[in-house]
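Containing mmCIF, N, CA and C atoms: run_11.cif.
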data_input
loop_
_atom_site.label_atom_id
_atom_site.label_comp_id
_atom_site.auth_asym_id
_atom_site.auth_seq_id
_atom_site.Cartn_x
_atom_site.Cartn_y
_atom_site.Cartn_z
N MET A 1290 -6.41 -4.74 -11.35
CA MET A 1290 -6.49 -3.33 -11.06
C MET A 1290 -5.56 -2.56 -11.97
N GLY A 1291 -4.27 -2.76 -11.83
CA GLY A 1291 -3.34 -2.03 -12.65
C GLY A 1291 -2.77 -2.91 -13.73
N ASP A 1292 -2.64 -2.38 -14.90
CA ASP A 1292 -2.05 -3.10 -16.02
C ASP A 1292 -0.63 -2.60 -16.22
N PHE A 1293 0.19 -3.46 -16.79
CA PHE A 1293 1.57 -3.07 -17.05
C PHE A 1293 1.62 -2.27 -18.34
N HIS A 1294 2.24 -1.11 -18.28
CA HIS A 1294 2.43 -0.26 -19.44
C HIS A 1294 3.93 -0.02 -19.60
N ALA A 1295 4.53 -0.73 -20.51
CA ALA A 1295 5.99 -0.64 -20.66
C ALA A 1295 6.46 0.78 -20.91
N ASP A 1296 5.65 1.58 -21.60
CA ASP A 1296 6.05 2.95 -21.90
C ASP A 1296 6.11 3.81 -20.65
N ASP A 1297 5.26 3.48 -19.64
CA ASP A 1297 5.23 4.27 -18.42
C ASP A 1297 6.32 3.87 -17.44
N ASN A 1298 6.84 2.67 -17.56
CA ASN A 1298 7.83 2.17 -16.63
C ASN A 1298 9.20 2.70 -17.02
N ASP A 1299 9.94 3.18 -16.06
CA ASP A 1299 11.27 3.71 -16.33
C ASP A 1299 12.25 2.55 -16.41
N SER A 1300 12.31 1.91 -17.56
CA SER A 1300 13.18 0.75 -17.74
C SER A 1300 14.65 1.13 -17.78
N SER A 1301 14.94 2.42 -17.83
CA SER A 1301 16.34 2.85 -17.84
C SER A 1301 16.91 2.92 -16.42
N SER A 1302 16.07 2.71 -15.41
CA SER A 1302 16.54 2.75 -14.02
C SER A 1302 17.59 1.67 -13.84
N SER A 1303 18.66 2.02 -13.16
CA SER A 1303 19.78 1.10 -13.07
C SER A 1303 19.74 0.21 -11.83
N SER A 1304 18.93 0.53 -10.85
CA SER A 1304 18.94 -0.28 -9.63
C SER A 1304 17.53 -0.72 -9.27
N VAL A 1305 17.46 -1.75 -8.46
CA VAL A 1305 16.17 -2.23 -7.97
C VAL A 1305 15.49 -1.11 -7.18
N ARG A 1306 16.25 -0.40 -6.39
CA ARG A 1306 15.68 0.70 -5.60
C ARG A 1306 15.02 1.74 -6.50
N GLU A 1307 15.66 2.11 -7.59
CA GLU A 1307 15.08 3.08 -8.51
C GLU A 1307 13.83 2.52 -9.17
N ARG A 1308 13.85 1.24 -9.54
CA ARG A 1308 12.67 0.64 -10.16
C ARG A 1308 11.52 0.53 -9.15
N MET A 1309 11.83 0.25 -7.89
CA MET A 1309 10.79 0.21 -6.86
C MET A 1309 10.17 1.60 -6.69
N HIS A 1310 10.99 2.63 -6.74
CA HIS A 1310 10.48 4.00 -6.66
C HIS A 1310 9.52 4.27 -7.84
N CYS A 1311 9.86 3.75 -9.01
CA CYS A 1311 8.98 3.91 -10.17
C CYS A 1311 7.64 3.21 -9.93
N LEU A 1312 7.67 2.04 -9.30
CA LEU A 1312 6.43 1.33 -8.99
C LEU A 1312 5.53 2.14 -8.08
N LEU A 1313 6.12 2.85 -7.15
CA LEU A 1313 5.35 3.68 -6.23
C LEU A 1313 4.64 4.81 -6.97
N ARG A 1314 5.27 5.33 -8.00
CA ARG A 1314 4.72 6.48 -8.72
C ARG A 1314 3.72 6.11 -9.80
N THR A 1315 3.55 4.85 -10.11
CA THR A 1315 2.67 4.44 -11.20
C THR A 1315 1.66 3.40 -10.70
N THR A 1316 0.64 3.17 -11.48
CA THR A 1316 -0.34 2.13 -11.12
C THR A 1316 -0.03 0.81 -11.81
N ASP A 1317 1.11 0.71 -12.48
CA ASP A 1317 1.48 -0.53 -13.15
C ASP A 1317 1.44 -1.70 -12.19
N MET A 1318 0.74 -2.74 -12.57
CA MET A 1318 0.69 -4.01 -11.85
C MET A 1318 0.13 -3.92 -10.44
N THR A 1319 -0.54 -2.84 -10.09
CA THR A 1319 -1.12 -2.76 -8.75
C THR A 1319 -2.23 -3.78 -8.61
N ASP A 1320 -2.39 -4.31 -7.42
CA ASP A 1320 -3.43 -5.29 -7.18
C ASP A 1320 -4.21 -4.97 -5.91
N LEU A 1321 -4.08 -3.74 -5.45
CA LEU A 1321 -4.65 -3.39 -4.16
C LEU A 1321 -4.90 -1.89 -4.08
N GLU A 1322 -5.99 -1.51 -3.43
CA GLU A 1322 -6.24 -0.12 -3.08
C GLU A 1322 -6.05 0.03 -1.58
N VAL A 1323 -5.48 1.13 -1.18
CA VAL A 1323 -5.35 1.47 0.23
C VAL A 1323 -6.17 2.74 0.43
N GLU A 1324 -7.21 2.63 1.23
CA GLU A 1324 -8.08 3.77 1.49
C GLU A 1324 -7.85 4.24 2.93
N VAL A 1325 -7.52 5.50 3.08
CA VAL A 1325 -7.16 6.05 4.38
C VAL A 1325 -8.15 7.15 4.75
N VAL A 1326 -8.66 7.09 5.98
CA VAL A 1326 -9.59 8.10 6.47
C VAL A 1326 -9.24 8.45 7.90
N ASP A 1327 -9.10 9.73 8.17
CA ASP A 1327 -8.92 10.22 9.54
C ASP A 1327 -9.69 11.53 9.66
N ASN A 1328 -10.92 11.42 10.10
CA ASN A 1328 -11.78 12.61 10.18
C ASN A 1328 -11.38 13.57 11.30
N ASN A 1329 -10.49 13.15 12.18
CA ASN A 1329 -10.02 14.02 13.26
C ASN A 1329 -8.76 14.80 12.88
N TRP A 1330 -8.18 14.49 11.74
CA TRP A 1330 -6.96 15.16 11.28
C TRP A 1330 -7.32 16.58 10.85
N GLN A 1331 -6.63 17.57 11.38
CA GLN A 1331 -6.98 18.97 11.14
C GLN A 1331 -5.98 19.73 10.29
N TRP A 1332 -4.88 19.09 9.90
CA TRP A 1332 -3.81 19.83 9.25
C TRP A 1332 -3.59 19.41 7.81
N GLY A 1333 -4.63 19.02 7.13
CA GLY A 1333 -4.49 18.63 5.73
C GLY A 1333 -5.59 17.68 5.31
N GLN A 1334 -5.31 16.95 4.28
CA GLN A 1334 -6.28 16.03 3.70
C GLN A 1334 -6.69 14.97 4.72
N THR A 1335 -8.00 14.69 4.81
CA THR A 1335 -8.50 13.73 5.80
C THR A 1335 -8.78 12.36 5.20
N ASN A 1336 -8.81 12.25 3.89
CA ASN A 1336 -8.96 10.93 3.27
C ASN A 1336 -8.21 10.91 1.94
N LYS A 1337 -7.72 9.72 1.60
CA LYS A 1337 -6.95 9.59 0.36
C LYS A 1337 -6.91 8.12 -0.02
N GLN A 1338 -6.86 7.87 -1.31
CA GLN A 1338 -6.72 6.50 -1.81
C GLN A 1338 -5.38 6.36 -2.50
N PHE A 1339 -4.75 5.21 -2.28
CA PHE A 1339 -3.48 4.89 -2.91
C PHE A 1339 -3.62 3.56 -3.64
N LYS A 1340 -2.86 3.35 -4.67
CA LYS A 1340 -2.72 2.05 -5.32
C LYS A 1340 -1.44 1.43 -4.78
N ALA A 1341 -1.47 0.12 -4.60
CA ALA A 1341 -0.30 -0.55 -4.03
C ALA A 1341 -0.16 -1.96 -4.59
N HIS A 1342 0.93 -2.58 -4.22
CA HIS A 1342 1.26 -3.94 -4.63
C HIS A 1342 1.34 -4.80 -3.36
N ARG A 1343 0.48 -5.80 -3.30
CA ARG A 1343 0.43 -6.67 -2.12
C ARG A 1343 1.80 -7.28 -1.82
N LEU A 1344 2.51 -7.70 -2.85
CA LEU A 1344 3.83 -8.30 -2.67
C LEU A 1344 4.78 -7.34 -1.96
N VAL A 1345 4.79 -6.08 -2.38
CA VAL A 1345 5.69 -5.10 -1.77
C VAL A 1345 5.33 -4.87 -0.31
N LEU A 1346 4.03 -4.74 -0.02
CA LEU A 1346 3.61 -4.51 1.36
C LEU A 1346 3.96 -5.70 2.25
N CYS A 1347 3.72 -6.90 1.74
CA CYS A 1347 4.04 -8.11 2.53
C CYS A 1347 5.53 -8.25 2.77
N ALA A 1348 6.33 -7.95 1.77
CA ALA A 1348 7.79 -8.07 1.91
C ALA A 1348 8.35 -7.00 2.84
N SER A 1349 7.66 -5.87 2.94
CA SER A 1349 8.16 -4.74 3.73
C SER A 1349 7.69 -4.74 5.18
N SER A 1350 6.59 -5.43 5.45
CA SER A 1350 6.00 -5.32 6.78
C SER A 1350 5.40 -6.64 7.26
N PRO A 1351 5.84 -7.12 8.43
CA PRO A 1351 5.24 -8.34 8.98
C PRO A 1351 3.76 -8.14 9.32
N VAL A 1352 3.35 -6.92 9.61
CA VAL A 1352 1.94 -6.65 9.92
C VAL A 1352 1.10 -6.79 8.65
N PHE A 1353 1.55 -6.22 7.54
CA PHE A 1353 0.83 -6.39 6.30
C PHE A 1353 0.82 -7.86 5.87
N HIS A 1354 1.94 -8.55 6.05
CA HIS A 1354 1.99 -9.97 5.71
C HIS A 1354 0.95 -10.74 6.52
N GLN A 1355 0.85 -10.43 7.81
CA GLN A 1355 -0.13 -11.09 8.68
C GLN A 1355 -1.56 -10.73 8.25
N LEU A 1356 -1.77 -9.52 7.79
CA LEU A 1356 -3.09 -9.10 7.34
C LEU A 1356 -3.55 -9.94 6.14
N PHE A 1357 -2.64 -10.16 5.19
CA PHE A 1357 -2.98 -10.89 3.97
C PHE A 1357 -2.90 -12.40 4.13
N TYR A 1358 -1.96 -12.88 4.95
CA TYR A 1358 -1.72 -14.31 5.13
C TYR A 1358 -1.63 -14.61 6.63
N PRO A 1359 -2.76 -14.59 7.32
CA PRO A 1359 -2.75 -14.72 8.78
C PRO A 1359 -2.27 -16.09 9.26
N THR A 1360 -1.50 -16.05 10.34
CA THR A 1360 -1.08 -17.26 11.04
C THR A 1360 -1.24 -17.00 12.54
N GLU A 1361 -1.32 -18.05 13.30
CA GLU A 1361 -1.47 -17.89 14.75
C GLU A 1361 -0.23 -17.27 15.39
N GLU A 1362 0.93 -17.49 14.79
CA GLU A 1362 2.18 -16.98 15.36
C GLU A 1362 2.49 -15.55 14.95
N GLY A 1363 1.75 -15.00 14.01
CA GLY A 1363 2.06 -13.69 13.47
C GLY A 1363 1.71 -12.56 14.42
N PRO A 1364 2.15 -11.36 14.08
CA PRO A 1364 1.88 -10.20 14.93
C PRO A 1364 0.38 -9.86 14.95
N GLU A 1365 -0.01 -9.15 15.98
CA GLU A 1365 -1.40 -8.71 16.10
C GLU A 1365 -1.67 -7.60 15.08
N ILE A 1366 -2.83 -7.67 14.46
CA ILE A 1366 -3.22 -6.66 13.48
C ILE A 1366 -3.86 -5.49 14.22
N PRO A 1367 -3.36 -4.27 14.02
CA PRO A 1367 -3.97 -3.11 14.67
C PRO A 1367 -5.44 -2.95 14.26
N THR A 1368 -6.24 -2.45 15.16
CA THR A 1368 -7.67 -2.31 14.90
C THR A 1368 -7.97 -1.27 13.82
N CYS A 1369 -7.01 -0.44 13.49
CA CYS A 1369 -7.24 0.57 12.44
C CYS A 1369 -7.17 -0.02 11.04
N LEU A 1370 -6.72 -1.29 10.90
CA LEU A 1370 -6.60 -1.93 9.60
C LEU A 1370 -7.76 -2.87 9.34
N ALA A 1371 -8.32 -2.81 8.14
CA ALA A 1371 -9.36 -3.75 7.72
C ALA A 1371 -9.06 -4.17 6.29
N LEU A 1372 -9.26 -5.44 6.01
CA LEU A 1372 -9.03 -5.99 4.68
C LEU A 1372 -10.36 -6.34 4.04
N LEU A 1373 -10.60 -5.84 2.85
CA LEU A 1373 -11.80 -6.18 2.09
C LEU A 1373 -11.41 -7.08 0.93
N LYS A 1374 -12.24 -8.08 0.68
CA LYS A 1374 -11.95 -9.05 -0.38
C LYS A 1374 -13.04 -9.00 -1.44
N SER A 1375 -12.68 -9.42 -2.64
CA SER A 1375 -13.64 -9.51 -3.73
C SER A 1375 -14.53 -10.72 -3.52
N SER A 1376 -15.52 -10.88 -4.38
CA SER A 1376 -16.41 -12.04 -4.27
C SER A 1376 -15.66 -13.35 -4.49
N SER A 1377 -14.51 -13.30 -5.16
CA SER A 1377 -13.70 -14.50 -5.36
C SER A 1377 -12.75 -14.76 -4.20
N GLY A 1378 -12.75 -13.87 -3.20
CA GLY A 1378 -11.91 -14.07 -2.03
C GLY A 1378 -10.54 -13.41 -2.11
N GLN A 1379 -10.25 -12.72 -3.20
CA GLN A 1379 -8.96 -12.04 -3.35
C GLN A 1379 -8.98 -10.70 -2.62
N PRO A 1380 -7.92 -10.38 -1.87
CA PRO A 1380 -7.85 -9.06 -1.23
C PRO A 1380 -7.84 -7.97 -2.29
N THR A 1381 -8.70 -6.96 -2.10
CA THR A 1381 -8.75 -5.88 -3.07
C THR A 1381 -8.52 -4.51 -2.44
N ARG A 1382 -8.78 -4.39 -1.14
CA ARG A 1382 -8.63 -3.08 -0.51
C ARG A 1382 -8.26 -3.23 0.97
N VAL A 1383 -7.35 -2.35 1.38
CA VAL A 1383 -7.02 -2.20 2.79
C VAL A 1383 -7.59 -0.86 3.21
N GLU A 1384 -8.38 -0.87 4.27
CA GLU A 1384 -8.90 0.37 4.82
C GLU A 1384 -8.14 0.68 6.10
N ILE A 1385 -7.68 1.91 6.20
CA ILE A 1385 -6.94 2.36 7.38
C ILE A 1385 -7.71 3.53 7.96
N ASP A 1386 -8.20 3.36 9.17
CA ASP A 1386 -9.06 4.36 9.79
C ASP A 1386 -8.35 5.00 10.98
N GLY A 1387 -8.40 6.32 11.06
CA GLY A 1387 -7.85 7.03 12.20
C GLY A 1387 -6.36 7.33 12.10
N VAL A 1388 -5.82 7.21 10.90
CA VAL A 1388 -4.41 7.53 10.65
C VAL A 1388 -4.37 8.59 9.55
N PRO A 1389 -3.65 9.67 9.76
CA PRO A 1389 -3.61 10.72 8.73
C PRO A 1389 -3.04 10.20 7.41
N PRO A 1390 -3.65 10.58 6.30
CA PRO A 1390 -3.16 10.15 4.99
C PRO A 1390 -1.68 10.45 4.77
N ILE A 1391 -1.20 11.56 5.28
CA ILE A 1391 0.22 11.91 5.10
C ILE A 1391 1.12 10.87 5.79
N ALA A 1392 0.67 10.29 6.89
CA ALA A 1392 1.44 9.26 7.59
C ALA A 1392 1.45 7.96 6.79
N VAL A 1393 0.33 7.61 6.19
CA VAL A 1393 0.27 6.39 5.38
C VAL A 1393 1.10 6.57 4.11
N GLU A 1394 1.08 7.76 3.56
CA GLU A 1394 1.91 8.03 2.39
C GLU A 1394 3.39 7.84 2.73
N ALA A 1395 3.80 8.31 3.89
CA ALA A 1395 5.19 8.11 4.34
C ALA A 1395 5.49 6.63 4.55
N LEU A 1396 4.53 5.89 5.09
CA LEU A 1396 4.70 4.45 5.28
C LEU A 1396 4.88 3.74 3.94
N LEU A 1397 4.06 4.10 2.97
CA LEU A 1397 4.18 3.48 1.65
C LEU A 1397 5.52 3.82 1.01
N GLU A 1398 5.96 5.05 1.16
CA GLU A 1398 7.28 5.42 0.64
C GLU A 1398 8.37 4.57 1.28
N TYR A 1399 8.27 4.34 2.57
CA TYR A 1399 9.23 3.48 3.25
C TYR A 1399 9.18 2.07 2.68
N CYS A 1400 7.96 1.53 2.51
CA CYS A 1400 7.82 0.16 1.98
C CYS A 1400 8.44 0.00 0.61
N TYR A 1401 8.31 1.01 -0.23
CA TYR A 1401 8.82 0.92 -1.60
C TYR A 1401 10.28 1.34 -1.73
N LYS A 1402 10.77 2.17 -0.84
CA LYS A 1402 12.09 2.77 -1.04
C LYS A 1402 13.17 2.28 -0.09
N ASP A 1403 12.81 1.63 1.00
CA ASP A 1403 13.83 1.23 1.97
C ASP A 1403 14.76 0.19 1.40
#
Go ahead and express the file in the form of structure tokens.
Amino acid sequence: MGDFHADDNDSSSSSVRERMHCLLRTTDMTDLEVEVVDNNWQWGQTNKQFKAHRLVLCASSPVFHQLFYPTEEGPEIPTCLALLKSSSGQPTRVEIDGVPPIAVEALLEYCYKD
């Protein structure tokens, strides 16, 4: 999905946190789309697509980790989350239904910046 573009990456960032923030702002090395739809949301955009990194989501959230790498002991996956895979079986898209895009954007910021 995303290719690495050294010119676009802020290699002058001095901390991991700053470099993670750069990853959030660019499509470099993304391997996942997050599609969000909430048709009942009345105060702004009702659908939006984001590019993301599976590794970052898994490291930041046990729910995302369970979504991508399910185990019997893992947390329950909320019904608003669906994982779509390519014909080769690789996860390519997470669909989130019934959650405002602004909330998912805040969640992604938390995952990349915390």
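Across A:Arg1306, A:Leu1370, A:Leu1313, A:Glu1365, the tightest approach to Leu1397 in chain A is made by A:Leu1313 when counting only N, CA and C atoms.
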Go through chain A and collect every residue that DSSP, computed from the backbone, puts in alpha helix (DSSP H); the answer should be as a PyMOL selection string.
chain A and resi 1305-1314+1343-1349+1351-1357+1390-1402
Just list the residues in range 1330-1396 of chain A DSSP gives strand (DSSP E) on the backbone, as an NGL selection string.
:A and (1336-1341 or 1370-1374 or 1380-1386)
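Distances from A:Ala1341, A:Val1393, A:Leu1346, A:Glu1398 to Leu1321 in chain A were compared using only C-alpha atoms, and the smallest one belongs to A:Ala1341.
On the file presented, the PyMOL selection byres (((chain A and resi 1369 and name CA) around 10) and name CA) picks out Val1325, Val1326, Ile1366, Pro1367, Thr1368, Leu1370, Ala1371, Glu1384, Ile1385, Asp1386, Gly1387 and Val1388 of chain A.
One distance worth recording is that between CA of Lys1337 in chain A and CA of Arg1314 in chain A, which is 15.1 Å.
Minimum distance to Asp1317 in chain A across A:Lys1340, A:Pro1380, A:Ser1350, A:Trp1332 (counting only C-alpha atoms) occurs at A:Lys1340.
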Quick one, how far is CA of Arg1382 in chain A from CA of Met1309 in chain A?
20.7 Å
Counting only C-alpha atoms, figure out which residue out of A:Val1383, A:Glu1362, A:Val1345, A:Lys1374 gets nearest to Tyr1399 in chain A.
A:Val1345
What is the atom N of His1342 in chain A to atom N of Ser1303 in chain A distance in Å?
20.4 Å
Please return the centre and edge lengths, in Å to one decimal, of a box with edges along x, y and z that contains all listed atoms of range 1325-1328 of chain A, widened by 4 Å on every side, as lines of an AutoDock Vina configuration file.
center_x = -9.5
center_y = 9.5
center_z = 7.2
size_x = 12.6
size_y = 16.1
size_z = 16.2
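Closest approach to Pro1351 in chain A among A:Cys1400, A:Ile1391, A:Val1305, A:Val1323 is made by A:Cys1400 (distances from only C-alpha atoms).
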